[in-house]
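Structure data follow from work.cif (mmCIF, C-alpha atoms):
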```
data_entry
loop_
_atom_site.label_atom_id
_atom_site.label_comp_id
_atom_site.auth_asym_id
_atom_site.auth_seq_id
_atom_site.Cartn_x
_atom_site.Cartn_y
_atom_site.Cartn_z
CA MET O 222 -21.71 5.98 -16.79
CA ARG O 223 -25.00 4.51 -18.00
CA LYS O 224 -25.62 0.78 -17.97
CA ILE O 225 -28.21 -1.33 -19.76
CA THR O 226 -28.48 -5.05 -19.02
CA VAL O 227 -29.78 -7.34 -21.74
CA SER O 228 -31.29 -10.43 -20.13
CA GLY O 229 -32.18 -13.79 -21.57
CA GLN O 230 -29.92 -16.52 -22.91
CA LYS O 231 -26.31 -15.39 -22.55
CA GLY O 232 -27.17 -11.94 -21.25
CA TYR O 233 -24.69 -9.07 -21.31
CA GLU O 234 -24.18 -5.46 -20.29
CA ILE O 235 -24.01 -2.34 -22.45
CA LEU O 236 -21.92 0.44 -20.89
CA ILE O 237 -22.19 4.00 -22.22
CA SER O 238 -19.60 6.55 -21.11
CA ASP O 239 -17.32 9.20 -22.57
CA ASN O 240 -13.71 8.01 -22.87
CA ILE O 241 -14.52 4.41 -21.95
CA LEU O 242 -12.13 3.29 -24.70
CA ALA O 243 -9.18 4.36 -22.58
CA SER O 244 -10.10 1.79 -19.92
CA CYS O 245 -11.79 -0.82 -22.14
CA GLY O 246 -9.34 -3.54 -21.08
CA GLU O 247 -10.38 -3.16 -17.46
CA TYR O 248 -14.07 -3.68 -18.27
CA ILE O 249 -13.37 -6.56 -20.64
CA ARG O 250 -11.19 -8.28 -18.05
CA LYS O 251 -14.12 -8.27 -15.61
CA VAL O 252 -16.17 -10.51 -17.93
CA THR O 253 -13.54 -12.94 -19.24
CA SER O 254 -10.50 -14.95 -18.18
CA ALA O 255 -9.23 -15.04 -21.78
CA LYS O 256 -5.48 -14.96 -22.36
CA LYS O 257 -5.58 -13.70 -25.95
CA ALA O 258 -7.58 -11.01 -27.74
CA LEU O 259 -7.73 -10.40 -31.47
CA ILE O 260 -8.90 -6.89 -32.40
CA ILE O 261 -10.85 -6.84 -35.67
CA SER O 262 -11.18 -3.38 -37.19
CA ASP O 263 -11.03 -1.58 -40.51
CA THR O 264 -8.44 0.64 -42.16
CA ASN O 265 -10.25 3.84 -41.14
CA VAL O 266 -10.86 3.05 -37.48
CA TYR O 267 -7.80 1.08 -36.42
CA PRO O 268 -5.36 3.97 -37.03
CA LEU O 269 -7.56 6.18 -34.81
CA TYR O 270 -8.21 3.88 -31.86
CA GLY O 271 -6.32 0.62 -32.33
CA ASP O 272 -3.18 1.50 -30.40
CA GLY O 273 -5.13 2.81 -27.41
CA VAL O 274 -7.41 -0.23 -27.25
CA SER O 275 -4.42 -2.56 -27.64
CA ALA O 276 -2.56 -0.81 -24.82
CA SER O 277 -5.55 -1.03 -22.48
CA LEU O 278 -5.95 -4.73 -23.23
CA ARG O 279 -2.27 -5.43 -22.64
CA ASP O 280 -2.35 -3.47 -19.38
CA ASN O 281 -5.04 -5.89 -18.25
CA GLY O 282 -3.14 -9.06 -19.08
CA PHE O 283 -4.24 -9.85 -22.63
CA GLU O 284 -1.90 -11.00 -25.38
CA VAL O 285 -3.08 -8.80 -28.28
CA SER O 286 -3.02 -9.09 -32.07
CA HIS O 287 -5.12 -7.36 -34.70
CA PHE O 288 -6.63 -7.69 -38.16
CA ALA O 289 -7.72 -4.66 -40.23
CA PHE O 290 -9.70 -5.00 -43.47
CA PRO O 291 -10.40 -2.34 -46.15
CA ALA O 292 -13.10 -0.02 -44.81
CA GLY O 293 -16.54 0.02 -46.41
CA GLU O 294 -19.64 -2.04 -47.13
CA ALA O 295 -17.95 -3.48 -50.24
CA SER O 296 -15.73 -5.50 -47.88
CA LYS O 297 -18.70 -7.13 -46.13
CA THR O 298 -18.21 -10.45 -47.90
CA LEU O 299 -17.49 -14.09 -47.17
CA ASP O 300 -13.96 -13.52 -48.47
CA THR O 301 -13.32 -10.96 -45.74
CA VAL O 302 -14.85 -13.23 -43.10
CA SER O 303 -12.55 -15.99 -44.38
CA ASP O 304 -9.58 -13.65 -43.93
CA MET O 305 -10.72 -12.98 -40.36
CA ILE O 306 -10.86 -16.72 -39.67
CA LYS O 307 -7.30 -17.07 -40.99
CA ALA O 308 -6.20 -14.29 -38.64
CA LEU O 309 -7.85 -16.11 -35.72
CA CYS O 310 -6.02 -19.28 -36.68
CA GLU O 311 -2.69 -17.49 -37.05
CA ALA O 312 -3.14 -15.87 -33.64
CA GLN O 313 -3.91 -19.35 -32.26
CA LEU O 314 -7.00 -18.24 -30.42
CA THR O 315 -8.72 -21.00 -28.44
CA ARG O 316 -12.32 -21.37 -27.32
CA THR O 317 -11.51 -19.47 -24.13
CA ASP O 318 -10.10 -16.43 -25.96
CA ILE O 319 -11.94 -13.41 -27.37
CA VAL O 320 -12.43 -11.20 -30.41
CA VAL O 321 -12.79 -7.44 -29.94
CA ALA O 322 -14.83 -5.79 -32.71
CA LEU O 323 -13.61 -2.19 -32.98
CA GLY O 324 -15.50 -0.11 -35.54
CA GLY O 325 -18.84 0.44 -37.20
CA GLY O 326 -21.62 -1.90 -38.20
CA VAL O 327 -19.70 -3.65 -40.98
CA THR O 328 -16.91 -4.50 -38.55
CA GLY O 329 -19.22 -5.63 -35.77
CA ASP O 330 -21.39 -7.78 -38.03
CA MET O 331 -18.47 -9.61 -39.63
CA ALA O 332 -16.33 -9.92 -36.49
CA GLY O 333 -19.35 -11.31 -34.68
CA PHE O 334 -20.00 -13.78 -37.49
CA ALA O 335 -16.37 -14.92 -37.54
CA SER O 336 -16.60 -15.38 -33.76
CA ALA O 337 -19.82 -17.38 -34.13
CA ILE O 338 -18.34 -19.91 -36.55
CA TYR O 339 -14.68 -20.14 -35.45
CA LEU O 340 -14.30 -23.28 -33.32
CA ARG O 341 -18.14 -23.39 -33.37
CA GLY O 342 -18.27 -20.19 -31.36
CA ILE O 343 -16.00 -18.02 -29.23
CA ASP O 344 -16.75 -14.87 -27.23
CA PHE O 345 -16.53 -11.39 -28.69
CA VAL O 346 -16.85 -7.84 -27.42
CA GLN O 347 -18.45 -4.98 -29.36
CA ILE O 348 -16.79 -1.54 -29.27
CA PRO O 349 -18.91 0.40 -31.78
CA THR O 350 -17.36 3.66 -33.02
CA SER O 351 -20.06 4.95 -35.40
CA LEU O 352 -23.43 6.33 -34.36
CA LEU O 353 -25.20 3.75 -36.51
CA SER O 354 -23.45 0.86 -34.74
CA GLN O 355 -23.86 2.40 -31.29
CA VAL O 356 -27.63 2.75 -31.55
CA ASP O 357 -28.37 -0.37 -33.57
CA SER O 358 -26.05 -3.04 -34.94
CA SER O 359 -23.83 -3.61 -31.87
CA VAL O 360 -26.87 -4.61 -29.80
CA GLY O 361 -28.96 -7.74 -30.29
CA GLY O 362 -26.55 -10.42 -31.48
CA LYS O 363 -27.19 -10.25 -35.24
CA THR O 364 -24.00 -11.05 -37.16
CA GLY O 365 -23.27 -11.77 -40.80
CA CYS O 366 -22.23 -10.53 -44.21
CA ASP O 367 -23.61 -9.77 -47.67
CA LEU O 368 -23.96 -12.04 -50.68
CA SER O 369 -24.20 -11.11 -54.35
CA PHE O 370 -27.98 -11.61 -54.09
CA GLY O 371 -28.45 -9.09 -51.29
CA LYS O 372 -27.53 -7.66 -47.92
CA ASN O 373 -27.01 -9.71 -44.74
CA LEU O 374 -28.23 -12.95 -46.32
CA ILE O 375 -25.79 -15.10 -44.33
CA GLY O 376 -25.08 -14.92 -40.63
CA ALA O 377 -25.85 -16.15 -37.14
CA PHE O 378 -27.41 -14.93 -33.91
CA HIS O 379 -24.45 -14.63 -31.54
CA ASN O 380 -24.60 -12.31 -28.55
CA PRO O 381 -21.56 -10.27 -27.54
CA LEU O 382 -19.97 -10.72 -24.16
CA LEU O 383 -20.04 -6.96 -23.55
CA VAL O 384 -20.79 -3.75 -25.46
CA LEU O 385 -18.76 -0.60 -24.71
CA ILE O 386 -20.14 2.62 -26.23
CA ASP O 387 -17.98 5.75 -26.16
CA PRO O 388 -19.85 8.80 -27.56
CA GLU O 389 -16.49 10.60 -27.86
CA THR O 390 -15.70 8.49 -30.94
CA LEU O 391 -18.45 10.34 -32.79
CA LYS O 392 -16.22 13.41 -32.88
CA THR O 393 -14.09 11.73 -35.56
CA LEU O 394 -17.11 10.87 -37.74
CA PRO O 395 -17.73 12.90 -40.91
CA VAL O 396 -21.03 14.80 -40.70
CA ARG O 397 -22.57 12.55 -43.35
CA TYR O 398 -22.03 9.45 -41.24
CA LYS O 399 -23.29 11.05 -38.06
CA ASN O 400 -26.48 11.91 -39.95
CA ASP O 401 -26.47 8.35 -41.27
CA GLY O 402 -26.78 7.11 -37.68
CA ILE O 403 -29.52 9.62 -36.95
CA GLY O 404 -31.56 7.79 -39.60
CA GLU O 405 -31.67 4.74 -37.32
CA ILE O 406 -32.56 6.91 -34.33
CA ILE O 407 -35.49 8.39 -36.25
CA LYS O 408 -36.52 4.80 -37.03
CA CYS O 409 -36.60 3.96 -33.31
CA GLY O 410 -38.86 6.93 -32.68
CA CYS O 411 -41.14 5.92 -35.53
CA ILE O 412 -41.66 2.35 -34.38
CA ARG O 413 -41.66 2.65 -30.59
CA SER O 414 -41.24 6.14 -29.12
CA ALA O 415 -43.27 9.18 -30.11
CA SER O 416 -41.46 11.04 -27.32
CA LEU O 417 -38.05 10.38 -28.93
CA PHE O 418 -39.40 11.48 -32.30
CA ASN O 419 -40.78 14.66 -30.72
CA LYS O 420 -37.45 15.31 -28.98
CA LEU O 421 -35.67 15.10 -32.33
CA GLU O 422 -38.21 17.47 -33.86
CA ARG O 423 -37.64 20.02 -31.05
CA ALA O 424 -33.85 19.72 -30.77
CA GLU O 425 -31.82 22.62 -32.17
CA ASP O 426 -29.05 20.17 -33.05
CA PHE O 427 -28.23 16.55 -32.40
CA ASP O 428 -25.18 17.25 -30.21
CA SER O 429 -27.43 18.52 -27.42
CA ILE O 430 -29.25 15.18 -27.11
CA THR O 431 -26.62 12.66 -28.29
CA GLU O 432 -26.13 10.54 -25.17
CA ASP O 433 -29.85 10.58 -24.27
CA ALA O 434 -30.75 9.48 -27.80
CA ILE O 435 -28.17 6.68 -27.79
CA PHE O 436 -29.42 5.42 -24.41
CA GLU O 437 -33.08 5.47 -25.44
CA CYS O 438 -32.45 3.70 -28.74
CA VAL O 439 -30.36 0.99 -27.10
CA ASP O 440 -33.02 0.48 -24.43
CA ILE O 441 -35.77 0.24 -27.05
CA LYS O 442 -33.76 -2.41 -28.88
CA ARG O 443 -33.04 -4.24 -25.61
CA VAL O 444 -36.74 -4.69 -24.91
CA VAL O 445 -37.45 -5.90 -28.43
CA VAL O 446 -34.60 -8.44 -28.62
CA GLU O 447 -35.36 -9.77 -25.14
CA ASN O 448 -38.88 -10.54 -26.33
CA ASP O 449 -37.86 -11.96 -29.72
CA PHE O 450 -34.15 -12.83 -30.05
CA THR O 451 -34.36 -14.76 -33.33
CA GLU O 452 -36.69 -12.36 -35.16
CA LYS O 453 -39.80 -14.49 -35.40
CA GLY O 454 -42.19 -11.67 -34.56
CA GLU O 455 -41.74 -8.39 -32.66
CA ARG O 456 -38.08 -7.93 -33.64
CA MET O 457 -39.14 -7.51 -37.26
CA LEU O 458 -40.38 -4.04 -36.28
CA LEU O 459 -36.72 -2.95 -36.11
CA ASN O 460 -36.65 -3.39 -39.90
CA PHE O 461 -38.92 -0.38 -40.56
CA GLY O 462 -37.65 1.20 -43.78
CA HIS O 463 -35.09 -1.56 -44.30
CA THR O 464 -36.81 -3.65 -46.97
CA LEU O 465 -36.54 -0.86 -49.53
CA ALA O 466 -33.27 0.41 -48.02
CA HIS O 467 -31.46 -2.89 -48.52
CA ALA O 468 -32.71 -3.06 -52.10
CA ILE O 469 -31.41 0.47 -52.77
CA GLU O 470 -28.02 -0.37 -51.28
CA LYS O 471 -27.77 -3.51 -53.41
CA TYR O 472 -28.94 -1.71 -56.58
CA GLU O 473 -26.22 0.91 -56.01
CA ASN O 474 -23.59 -1.78 -55.34
CA TYR O 475 -23.07 -0.41 -51.81
CA ILE O 476 -21.28 2.69 -53.11
CA GLY O 477 -24.28 5.03 -53.25
CA LEU O 478 -26.43 5.88 -50.25
CA ALA O 479 -25.09 4.90 -46.85
CA HIS O 480 -27.25 2.52 -44.79
CA GLY O 481 -28.98 5.15 -42.62
CA GLU O 482 -29.58 7.34 -45.67
CA ALA O 483 -31.21 4.43 -47.49
CA VAL O 484 -33.31 3.65 -44.40
CA GLY O 485 -34.50 7.27 -44.44
CA VAL O 486 -35.67 6.87 -48.03
CA GLY O 487 -37.26 3.54 -47.13
CA MET O 488 -39.20 5.04 -44.21
CA ALA O 489 -40.44 7.99 -46.26
CA VAL O 490 -41.50 5.93 -49.27
CA ILE O 491 -43.22 3.10 -47.40
CA THR O 492 -45.11 5.54 -45.15
CA LYS O 493 -46.37 7.52 -48.13
CA ALA O 494 -47.54 4.27 -49.69
CA SER O 495 -49.14 2.99 -46.50
CA GLU O 496 -50.98 6.30 -46.01
CA LYS O 497 -52.49 5.94 -49.48
CA ALA O 498 -53.39 2.32 -48.70
CA GLY O 499 -55.18 3.41 -45.52
CA TYR O 500 -52.83 1.78 -43.01
CA THR O 501 -51.27 4.98 -41.66
CA GLU O 502 -52.61 8.21 -40.20
CA LYS O 503 -52.52 11.03 -42.75
CA GLY O 504 -49.64 13.48 -42.28
CA THR O 505 -47.26 10.88 -40.78
CA ALA O 506 -45.11 10.67 -43.91
CA GLU O 507 -44.80 14.45 -44.05
CA ARG O 508 -43.52 14.55 -40.44
CA ILE O 509 -40.97 11.84 -41.19
CA GLU O 510 -39.80 13.64 -44.34
CA ARG O 511 -39.39 16.95 -42.48
CA LEU O 512 -37.33 15.30 -39.75
CA LEU O 513 -35.12 13.46 -42.23
CA GLU O 514 -34.50 16.68 -44.14
CA LYS O 515 -33.68 18.50 -40.88
CA PHE O 516 -30.74 16.14 -40.39
CA GLY O 517 -29.57 16.16 -44.00
CA LEU O 518 -31.04 12.79 -44.94
CA PRO O 519 -32.62 11.99 -48.32
CA THR O 520 -36.29 11.08 -48.75
CA LYS O 521 -36.33 9.93 -52.39
CA THR O 522 -34.47 7.60 -54.75
CA ALA O 523 -34.07 7.71 -58.51
CA ALA O 524 -33.67 3.94 -58.68
CA PRO O 525 -36.41 2.23 -60.73
CA ILE O 526 -38.99 0.68 -58.44
CA ASP O 527 -39.40 -2.44 -60.57
CA LYS O 528 -35.69 -3.24 -60.20
CA LEU O 529 -35.82 -2.57 -56.46
CA CYS O 530 -38.79 -4.90 -56.06
CA GLU O 531 -36.92 -7.65 -57.92
CA ILE O 532 -34.13 -7.32 -55.37
CA MET O 533 -36.67 -7.39 -52.52
CA LEU O 534 -37.66 -10.91 -53.52
CA HIS O 535 -34.38 -12.07 -51.91
CA ASP O 536 -35.14 -10.25 -48.65
CA LYS O 537 -34.82 -12.30 -45.43
CA LYS O 538 -38.37 -11.32 -44.46
CA ARG O 539 -39.92 -13.03 -47.46
CA ARG O 540 -42.21 -15.96 -46.66
CA ALA O 541 -43.18 -18.00 -49.76
CA ASN O 542 -45.24 -15.59 -51.89
CA SER O 543 -45.46 -12.77 -49.37
CA ILE O 544 -43.06 -10.43 -47.62
CA ASN O 545 -43.43 -8.97 -44.14
CA LEU O 546 -43.54 -5.19 -44.36
CA VAL O 547 -43.18 -2.98 -41.29
CA LEU O 548 -45.77 -0.21 -41.32
CA LEU O 549 -46.90 2.56 -38.98
CA LYS O 550 -50.34 3.32 -37.64
CA ASN O 551 -48.82 6.63 -36.55
CA ILE O 552 -45.56 7.82 -34.99
CA GLY O 553 -44.52 5.39 -32.25
CA ASP O 554 -47.03 2.70 -33.18
CA SER O 555 -45.84 0.07 -35.68
CA PHE O 556 -46.96 -3.33 -36.92
CA THR O 557 -46.07 -5.95 -39.54
CA GLU O 558 -48.21 -6.81 -42.53
CA GLY O 559 -47.73 -9.79 -44.86
CA TYR O 560 -47.90 -8.36 -48.38
CA PRO O 561 -48.16 -10.40 -51.62
CA THR O 562 -44.93 -10.26 -53.60
CA GLU O 563 -46.83 -9.77 -56.88
CA SER O 564 -48.29 -6.53 -55.49
CA LEU O 565 -45.02 -5.02 -54.21
CA THR O 566 -44.30 -2.86 -57.25
CA ALA O 567 -47.76 -1.33 -57.25
CA PHE O 568 -47.61 -0.69 -53.50
CA PHE O 569 -44.19 0.98 -53.44
CA SER O 570 -44.91 2.96 -56.61
CA GLU O 571 -47.54 4.85 -54.58
CA GLY O 572 -44.78 6.16 -52.30
CA MET O 573 -42.19 7.11 -54.91
#
```
Kindly transcribe the structure held in the file into structure tokens.
Amino acid sequence: MRKITVSGQKGYEILISDNILASCGEYIRKVTSAKKALIISDTNVYPLYGDGVSASLRDNGFEVSHFAFPAGEASKTLDTVSDMIKALCEAQLTRTDIVVALGGGVTGDMAGFASAIYLRGIDFVQIPTSLLSQVDSSVGGKTGCDLSFGKNLIGAFHNPLLVLIDPETLKTLPVRYKNDGIGEIIKCGCIRSASLFNKLERAEDFDSITEDAIFECVDIKRVVVENDFTEKGERMLLNFGHTLAHAIEKYENYIGLAHGEAVGVGMAVITKASEKAGYTEKGTAERIERLLEKFGLPTKTAAPIDKLCEIMLHDKKRRANSINLVLLKNIGDSFTEGYPTESLTAFFSEGM
């Protein structure tokens, strides 16, 4: 078993081990005296793992109930969060009880948000089952949901009590969604670890480096969130590729590219543009494109750039008449640059 400890206000542990789901109740019991646990999951994941997680929780003295919502980003709404709150009320959870988020990033974000606002905050545990959630969204305490104006525009910073990562769950992921998670791993290499990027370039396949890649990505994120929990500075670097990605997802009504696929496009486009603008070492965009293509990820979008830039104006990283863009000097070396909103279309057009 590998363990990463996130320090700071309300610190927590991240445990990474094959088959940890089978004994999740034992590890959760070590960090809480809660009597009740509500499992929040979706209609794809709960049938796969819900019974086993419930049994482990019951074996360790928890009274267990569950709530499953329709799977998919389209469910990441305030209405679904409201349904979660109703389930918490119906289960009569108190401030000393817990929520267990079982699923991918959509599940973890919304279950964490419901936990943050129910009774002004109760504990929750993250059990991420997708690669994307294991390497990114389950760590760092960001919770929330989408609005009609854009992605993740409402939420709260609310750390989990514990994160349990079981790489065995990746065996039930469709290939597309494993590759989707690899998009976020490539991002980590781009912003902070040339060695991770190089390892991905050299690897014959992802299966041979899965656990190492998960561990390194989680540890990279740990360092960043410890330094900047509420995203006032350094943590913005984790959004490399995301400004354009979120706009693409919104433009496609969350039924087109998956999140990691859209991030791949975002990384490729913004790096092409930043090379032309003189921010980034020449050839960096080509390396990123080759690596994305190696793992079946797209590098282009047919969406009109003017429409995407309109959507970007609602991005969380906007500050008055500028928006913070995450750019690369080269692989492993990133920085933020305030860019005028009136120049966004011209800038991104250079990368399309």
Using the chain letters and numbering of this document, enumerate as a PyMOL selection string the residues selected by the PyMOL selection byres ((chain O and resi 391) around 12). chain O and resi 239-240+266+269+324-325+349-356+386-390+392-403+427-428+431-432+435
Evaluate the PyMOL selection byres ((chain O and resi 292-296) around 6) and record the selected residues as a PyMOL selection string, following the chain and residue labels used in the document. chain O and resi 263-264+291+297-298
Could you check how far CA of Val320 in chain O sits from CA of Ile260 in chain O, in Å to one decimal? 5.9 Å
Would you mind listing what lies within 9 Å of Leu314 in chain O as a PyMOL selection string, with only C-alpha atoms counted and same-chain residues fewer than 4 positions away left out? chain O and resi 256-259+309-310+318-320
As a list in words, please: the residues near Lys493 in chain O (cut-off 12 Å, all atoms listed in the file, same-chain neighbours under 5 positions excluded). Gly462, Val486, Gly487, Met488, Ala498, Gly499, Tyr500, Thr501, Glu502, Lys503, Gly504, Thr505, Ala506, Glu507, Arg508, Ile509, Glu510, Thr520, Lys521, Leu548, Leu549, Lys550, Asn551, Phe568, Phe569, Ser570, Glu571, Gly572 and Met573 of chain O
Selection in question (the file shown): the PyMOL selection byres ((chain O and resi 334) around 7). Which residues does it include, as number ranges by chain? O: 330-333, 335-338, 364-365, 376-377
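CA of Thr301 in chain O lies 17.2 Å from CA of Ser286 in chain O.
Computed from the coordinates, the CA of Asn474 in chain O to CA of Thr328 in chain O distance equals 18.3 Å.
Residue nearest Asp367 in chain O within the list O:Glu437, O:Ser495, O:Val302, O:Asp449: O:Val302 [criterion: smallest interatomic distance, only C-alpha atoms].
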Non-local contacts of range 418-422 of chain O (8 Å; all atoms listed in the file; under 2 positions in same chain excluded) as a PyMOL selection string: chain O and resi 407+410-411+414-416+424+427+512+552-553
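Among the candidates O:Glu234, O:Asp536, O:Glu284, O:Asp527, the one nearest to Leu565 in chain O when counting all atoms listed in the file is O:Asp527.
Among the candidates O:Arg250, O:Arg456, O:Lys372, O:Lys515, the one nearest to Met533 in chain O when counting all atoms listed in the file is O:Lys372.
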Fill-in result for range 273-284 of chain O, N, CA, C and O atoms as a PDB file, keeping the file's coordinate frame:
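Result file result_10.pdb:
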```
ATOM      1  N   GLY O 273      -4.621   2.574 -28.764  1.00  0.00           N
ATOM      2  CA  GLY O 273      -5.130   2.810 -27.410  1.00  0.00           C
ATOM      3  C   GLY O 273      -5.868   1.602 -26.864  1.00  0.00           C
ATOM      4  O   GLY O 273      -5.687   1.236 -25.690  1.00  0.00           O
ATOM      5  N   VAL O 274      -6.693   0.968 -27.692  1.00  0.00           N
ATOM      6  CA  VAL O 274      -7.410  -0.230 -27.250  1.00  0.00           C
ATOM      7  C   VAL O 274      -6.425  -1.361 -26.975  1.00  0.00           C
ATOM      8  O   VAL O 274      -6.534  -2.074 -25.967  1.00  0.00           O
ATOM      9  N   SER O 275      -5.436  -1.516 -27.846  1.00  0.00           N
ATOM     10  CA  SER O 275      -4.420  -2.560 -27.640  1.00  0.00           C
ATOM     11  C   SER O 275      -3.678  -2.350 -26.326  1.00  0.00           C
ATOM     12  O   SER O 275      -3.457  -3.304 -25.557  1.00  0.00           O
ATOM     13  N   ALA O 276      -3.303  -1.108 -26.050  1.00  0.00           N
ATOM     14  CA  ALA O 276      -2.560  -0.810 -24.820  1.00  0.00           C
ATOM     15  C   ALA O 276      -3.392  -1.122 -23.585  1.00  0.00           C
ATOM     16  O   ALA O 276      -2.897  -1.700 -22.608  1.00  0.00           O
ATOM     17  N   SER O 277      -4.680  -0.758 -23.629  1.00  0.00           N
ATOM     18  CA  SER O 277      -5.550  -1.030 -22.480  1.00  0.00           C
ATOM     19  C   SER O 277      -5.724  -2.533 -22.266  1.00  0.00           C
ATOM     20  O   SER O 277      -5.733  -3.013 -21.120  1.00  0.00           O
ATOM     21  N   LEU O 278      -5.841  -3.278 -23.346  1.00  0.00           N
ATOM     22  CA  LEU O 278      -5.950  -4.730 -23.230  1.00  0.00           C
ATOM     23  C   LEU O 278      -4.675  -5.330 -22.655  1.00  0.00           C
ATOM     24  O   LEU O 278      -4.724  -6.177 -21.757  1.00  0.00           O
ATOM     25  N   ARG O 279      -3.537  -4.895 -23.153  1.00  0.00           N
ATOM     26  CA  ARG O 279      -2.270  -5.430 -22.640  1.00  0.00           C
ATOM     27  C   ARG O 279      -2.076  -5.081 -21.172  1.00  0.00           C
ATOM     28  O   ARG O 279      -1.581  -5.907 -20.382  1.00  0.00           O
ATOM     29  N   ASP O 280      -2.467  -3.884 -20.785  1.00  0.00           N
ATOM     30  CA  ASP O 280      -2.350  -3.470 -19.380  1.00  0.00           C
ATOM     31  C   ASP O 280      -3.179  -4.363 -18.460  1.00  0.00           C
ATOM     32  O   ASP O 280      -2.925  -4.415 -17.252  1.00  0.00           O
ATOM     33  N   ASN O 281      -4.177  -5.033 -19.046  1.00  0.00           N
ATOM     34  CA  ASN O 281      -5.040  -5.890 -18.250  1.00  0.00           C
ATOM     35  C   ASN O 281      -4.802  -7.381 -18.526  1.00  0.00           C
ATOM     36  O   ASN O 281      -5.678  -8.213 -18.310  1.00  0.00           O
ATOM     37  N   GLY O 282      -3.597  -7.679 -19.011  1.00  0.00           N
ATOM     38  CA  GLY O 282      -3.140  -9.060 -19.080  1.00  0.00           C
ATOM     39  C   GLY O 282      -3.474  -9.834 -20.336  1.00  0.00           C
ATOM     40  O   GLY O 282      -3.290 -11.061 -20.372  1.00  0.00           O
ATOM     41  N   PHE O 283      -3.931  -9.155 -21.384  1.00  0.00           N
ATOM     42  CA  PHE O 283      -4.240  -9.850 -22.630  1.00  0.00           C
ATOM     43  C   PHE O 283      -3.027  -9.845 -23.569  1.00  0.00           C
ATOM     44  O   PHE O 283      -2.305  -8.848 -23.665  1.00  0.00           O
ATOM     45  N   GLU O 284      -2.834 -10.951 -24.260  1.00  0.00           N
ATOM     46  CA  GLU O 284      -1.900 -11.000 -25.380  1.00  0.00           C
ATOM     47  C   GLU O 284      -2.685 -10.546 -26.609  1.00  0.00           C
ATOM     48  O   GLU O 284      -3.698 -11.152 -26.965  1.00  0.00           O
TER      49      GLU O 284
END
```
